[in-house]
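Accompanying notes for the structure given below.
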4 protein chains.
Amino acid sequence: MPAATRELRSQGKKTRARLLEAGMQVLAERGYQATRVDDIVRVADTSHGTFYLYFENKDDLFAALAHAAADDMAALADQLGAVGPGPEGEAELRTFLGRFHETYERHGPVIRAWAENQVTDPAVLTLGLDTFGGIAAVLADRVAESTGGLVDDALATTILLATVERLVYFVTSRPLALDAGPLLDELAGMLHRGFFGAGATAPRRRGAQSKPRRTTRRSR
Amino acid sequence: MPAATRELRSQGKKTRARLLEAGMQVLAERGYQATRVDDIVRVADTSHGTFYLYFENKDDLFAALAHAAADDMAALADQLGAVGPGPEGEAELRTFLGRFHETYERHGPVIRAWAENQVTDPAVLTLGLDTFGGIAAVLADRVAESTGGLVDDALATTILLATVERLVYFVTSRPLALDAGPLLDELAGMLHRGFFGAGATAPRRRGAQSKPRRTTRRSR
Amino acid sequence: MPAATRELRSQGKKTRARLLEAGMQVLAERGYQATRVDDIVRVADTSHGTFYLYFENKDDLFAALAHAAADDMAALADQLGAVGPGPEGEAELRTFLGRFHETYERHGPVIRAWAENQVTDPAVLTLGLDTFGGIAAVLADRVAESTGGLVDDALATTILLATVERLVYFVTSRPLALDAGPLLDELAGMLHRGFFGAGATAPRRRGAQSKPRRTTRRSR
Amino acid sequence: MPAATRELRSQGKKTRARLLEAGMQVLAERGYQATRVDDIVRVADTSHGTFYLYFENKDDLFAALAHAAADDMAALADQLGAVGPGPEGEAELRTFLGRFHETYERHGPVIRAWAENQVTDPAVLTLGLDTFGGIAAVLADRVAESTGGLVDDALATTILLATVERLVYFVTSRPLALDAGPLLDELAGMLHRGFFGAGATAPRRRGAQSKPRRTTRRSR
DNA sequence: GATGAATGAGATTTCATTCAT
DNA sequence: TATGAATGAAATCTCATTCAT
């Protein structure tokens with residue numbers, strides 16, 4: 001009987017949290033597929049038996065991690081306000097990226113597993129798709145608002161999101177000693193210019209050609 | 001004794017090719033860690049015994065795939081000419097992206113495994129780092145040339161490359177029915193403006209602000 | 001220290017009884033081998049710790065159940081009077097079967113575990129063999145008395161007993177909605193005719209033929 | 001990929017047969033629940049890996065054993081001819097019991113697991129119920145034919161069958177050194193008199209009393 | 001008296017690799 | 001050259017029992 005169905009006392013809660021923490025750490029180090037229960041319990045300094053006291057199996061622990069990540073990511077979308085074409089719009093976008101970065105620092109391994117399509121458990125997979133889809137949809141709305149409906153392609157926004165994810169992944173996870181701030185400044189600027197600026201056109205505009213678009217922009 | 005040390009007749013070559021092909025397919029479907037020899041031989045319609053006739057072990061097959069990918073990717077860098085700030089520079093970049101895309105269609109699973117840091121075999125890992133590093137270095141050179149040495153951060157270029165990889169991954173692998181052409185047009189434009197354009201600043205330039213840059217661009 | 005060595009207050013007695021009750025229920029549902037301490041404590045609505053407060057281990061609880069069953073079964077044998085060849089003999093047998101049935105309703109799972117040879121604990125196994133053997137011996141005596149010593153095979157009587165057990169098991173445990181009364185009437189008649197009737201021969205009498213016996217019976 | 005889906009060469013067939021044989025032996029020794037893969041492979045003198053080459057899991061092996069048993073048991077029912085009230089009817093019954101006994105010698109452990117309701121795998125459980133039910137139905141038909149429709153209770157026949165099973169179990173499995181022949185003679189006689197004889201009444205006839213029935217029989 | 005937590009031995013299952021034909 | 005068979009180390013999971021509160 002895993003923990004989901006049981007009442008936990010303070011010690012139990014602590015152990016469960018330690019296992020989740022350890023799971024996250026091992027996930028970060030080895031990736032979804034290569035993570036073994038053995039690694040998790042060693043990091044959590046407990047036994048196999050204890051693991052199965054709190055989780056049905058490995059996927060169950062990942063599901064718990066994933067739900068926490070999904071909650072925080074959903075909050076991200078909720079807090080994204082209007083992104084106008086002016087500097088205040090860019091600032092709004094920058095704030096969003098900052099929060100995305102913070103969320104990534106907390107849930108990076110899970111987000112990465114989703115983004116890299118490593119998840120096999122259908123429930124967790126769906127949760128990931130929904131979560132990413134939700135953010136993409138909000139982004140698409142903001143883009144459409146900002147560009148007066150010229151750009152509203154949710155698909156293109158998904159790709160945009162994936163690109164943001166990858167950049168933040170590099171900033172967060174790689175031992176690059178990169179200063180996140182300036183990079184996110186820059187990214188915010190690029191995205192604002194590329195997607196929210198007056199006259200910006202979506203990457204996927206049907207029949208879109210590079211020349212006309214360039215012309216448009218040149219002439220503004 | 002695996003195939004590397006043996007002469008192969010035509011039938012042997014065919015079998016080896018079938019195994020490589022199958023390995024690539026399974027790699028695409030299941031990812032590096034989850035790929036089992038059993039899957040490969042089933043797809044290749046042969047036996048476990050035969051597999052080890054041609055490859056020392058699982059990693060050996062991946063190494064073979066990786067070397068082929070590395071060769072084609074190295075060629076990518078070799079063929080990238082100067083990328084000036086004008087339209088012909090953007091066209092050059094667009095051509096590079098087109099070839100990157102073609103390469104991805106052939107070697108996507110391997111490139112992805114590298115980009116997602118899934119590889120454990122040290123030799124293959126090094127090969128990947130070298131390959132990506134080589135392209136990043138050439139990109140960094142071109143950027144430096146184009147901007148007169150203002151921008152030359154190889155690290156930033158690595159990130160740029162990773163982002164390109166991700167976008168091309170989405171275009172190539174996802175069942176999005178995306179038309180690659182326009183997307184690559186758009187990406188070429190963005191990258192050219194962002195990295196190679198007159199007055200462009202590198203993502204990592206400290207104190208970079210979006211406004212001045214926008215102004216600069218507007219005036220061009 | 002388990003309960004056997006301790007004095008129990010009224011609450012303790014209640015808890016112990018609840019565990020025994022639960023043990024019996026789970027034994028009935030899952031069988032001897034598949035019964036887990038976890039099931040028992042869940043049914044008894046208590047904890048693992050509490051279980052081991054009252055029983056040394058799983059087998060100890062079964063031993064307690066078994067002793068209760070053995071006592072009641074021994075009483076069965078004690079109360080079996082002479083079974084003459086006449087109707088009053090059959091009535092005596094019928095009464096015995098009725099009490100067997102009652103006992104089965106109370107201790108069925110334990111009796112069944114014995115009859116099906118599921119018990120591994122040597123002490124409990126011996127107890128079962130002794131208990132069944134005791135009843136079989138009394139039955140054999142009664143048969144021998146009734147047939148004037150012609151039939152006295154304890155082994156055959158054991159088999160007879162096992163068959164009775166099986167029939168009663170079906171009547172008791174299966175969801176057949178069978179009315180026990182008529183079935184036991186019938187069974188009493190069959191057994192009386194078959195084993196206690198004038199001229200009846202034991203199943204194991206060498207060279208026994210059905211025809212002569214039928215003739216004999218017809219002529220009575 | 002277990003053997004069900006693969007082609008097997010002679011060596012493979014031999015190994016699979018050895019595993020089935022070992023499974024039957026361990027099943028006989030330890031019973032359904034207590035049988036471990038470890039025991040089976042030790043008896044079959046092979047490895048765990050090999051076991052899973054031929055069977056998906058323990059239940060899969062039992063399912064294979066069960067299907068073989070079910071086939072042979074179905075044949076039992078098919079071969080049971082009319083059982084008239086005369087001696088040739090009893091002989092027919094005796095032949096049936098003899099074949100039941102032979103079948104039990106081949107498939108005893110499986111039949112016993114079914115009869116003792118030890119099976120948990122739903123498919124195997126159903127197979128057992130169907131198999132026993134099929135035989136019981138044929139028995140019930142024969143009884144009904146023989147008694148002119150007076151007796152046709154399938155339920156009662158199920159119990160009859162269970163009793164036969166138990167007797168044969170004792171004869172077959174216990175180290176009683178019993179001579180099966182005379183016992184089966186006797187059993188055939190009892191069953192013939194009890195169920196197929198002229199004027200016999202079913203165990204479950206509603207309102208049946210032992211006295212009237214006895215009278216009836218006496219007067220025949 | 002009672003309980004939730006923890007443990008570890010043992011059972012099941014997977015899979016890369018080797019072997020015999 | 002090819003293959004089915006076999007292996008065993010390692011991973012997952014279960015559960016009777018002990019422990020600390």
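To be explicit about the labels: the chains of the structure tokens are called A, B, and onward in the order shown, and within each one the residues are counted from 1, while ligands get numbers from 1 in the order they are shown.
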Got a sec: who's within 10 Å of region 87-99 of chain A, counting only C-alpha atoms (C1' of nucleotides), leaving out chain neighbours fewer than 2 positions off, as JSON, numbers by chain?
{"A": [72, 73, 75, 76, 77, 79, 80, 81, 82, 83, 84, 85, 101, 102, 103, 104, 105, 139, 146, 164, 165, 168, 180, 181, 184, 185, 186, 187, 188, 189, 190, 191, 192, 193, 196, 197], "B": [210, 211]}
Next, the residues of the selection above should be written as a compact mmCIF listing (two decimals), in the first residue's frame with C-alpha atoms.
```txt
# COMPACT_ATOMS: atom_id res chain seq x y z
CA ASP A 72 4.34 24.91 -10.78
CA MET A 73 4.38 25.07 -14.55
CA ALA A 75 1.17 28.63 -12.38
CA LEU A 76 3.69 29.98 -14.86
CA ALA A 77 1.10 30.29 -17.56
CA GLN A 79 0.83 34.61 -14.30
CA LEU A 80 1.72 35.64 -17.82
CA GLY A 81 -0.01 38.94 -18.52
CA ALA A 82 -0.45 40.81 -21.77
CA VAL A 83 2.71 41.23 -23.81
CA GLY A 84 2.41 44.43 -25.76
CA PRO A 85 4.78 45.48 -28.50
CA HIS A 101 14.10 29.61 -15.12
CA GLU A 102 13.26 29.37 -11.44
CA THR A 103 10.81 26.57 -12.13
CA TYR A 104 13.46 24.81 -14.12
CA GLU A 105 15.87 25.04 -11.25
CA LEU A 139 1.77 31.96 -25.17
CA SER A 146 -0.11 41.37 -29.40
CA VAL A 164 13.11 28.18 -24.57
CA GLU A 165 13.23 24.93 -22.62
CA VAL A 168 17.08 27.26 -20.03
CA ALA A 180 21.48 33.41 -16.32
CA GLY A 181 20.42 37.05 -16.09
CA LEU A 184 17.46 35.72 -20.30
CA ASP A 185 17.57 39.45 -21.05
CA GLU A 186 18.80 38.64 -24.47
CA LEU A 187 16.32 35.82 -25.02
CA ALA A 188 13.45 38.03 -23.94
CA GLY A 189 14.55 40.61 -26.43
CA MET A 190 14.82 38.12 -29.25
CA LEU A 191 11.46 36.55 -28.57
CA HIS A 192 9.78 39.90 -28.17
CA ARG A 193 11.17 41.11 -31.45
CA PHE A 196 5.39 40.04 -30.31
CA GLY A 197 6.78 43.01 -32.15
CA SER B 210 17.54 44.94 -26.37
CA LYS B 211 16.62 48.51 -27.17
```
Using DSSP assignments from the backbone, pull out every residue in region 26-74 of chain B that falls under alpha helix (DSSP H) and give it to me as JSON, numbers by chain.
{"B": [26, 27, 28, 29, 30, 37, 38, 39, 40, 41, 42, 43, 48, 49, 50, 51, 52, 53, 54, 58, 59, 60, 61, 62, 63, 64, 65, 66, 67, 68, 69, 70, 71, 72, 73, 74]}
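For chain D placed onto chain C with an all-Cα least-squares superposition, the residual RMSD comes to 0.6 Å.
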Could you give me, as JSON lines, every chain E residue with an atom at most 10 Å from chain A, plus its closest atom pair and distance in Å to one decimal, counting only C-alpha atoms (C1' of nucleotides), rows ordered by chain then number?
```
{"residue": "E:DG4", "atom": "C1'", "partner": "A:Arg9", "partner_atom": "CA", "distance": 7.5}
{"residue": "E:DA5", "atom": "C1'", "partner": "A:Gly12", "partner_atom": "CA", "distance": 6.8}
{"residue": "E:DA6", "atom": "C1'", "partner": "A:Thr50", "partner_atom": "CA", "distance": 6.3}
{"residue": "E:DT7", "atom": "C1'", "partner": "A:Gly49", "partner_atom": "CA", "distance": 6.7}
{"residue": "E:DG8", "atom": "C1'", "partner": "A:Gly49", "partner_atom": "CA", "distance": 7.8}
```
Show me, as a PyMOL selection string, the residues of chain A whose atoms get within 10 Å of chain F, using only C-alpha atoms (C1' of nucleotides) for the distance check.
chain A and resi 36-38+48-49+52+56-58
Can those selected residues be exported to a file as a tab-separated table (two decimals), in the first residue's frame so that it contains C-alpha atoms?
```tsv
chain	number	residue	atom	x	y	z
A	36	ARG	CA	17.49	2.61	-10.77
A	37	VAL	CA	15.62	2.22	-7.53
A	38	ASP	CA	18.90	1.13	-6.09
A	48	HIS	CA	14.42	-1.01	-1.00
A	49	GLY	CA	11.63	-2.06	1.28
A	52	TYR	CA	8.01	0.48	-1.86
A	56	GLU	CA	4.22	1.60	-5.97
A	57	ASN	CA	7.21	1.56	-8.27
A	58	LYS	CA	9.69	3.81	-9.98
```
May I ask which of the residues C:Val41, C:Leu161, C:Leu20, C:Ala68 is the closest one to chain D, counting only C-alpha atoms?
C:Leu161
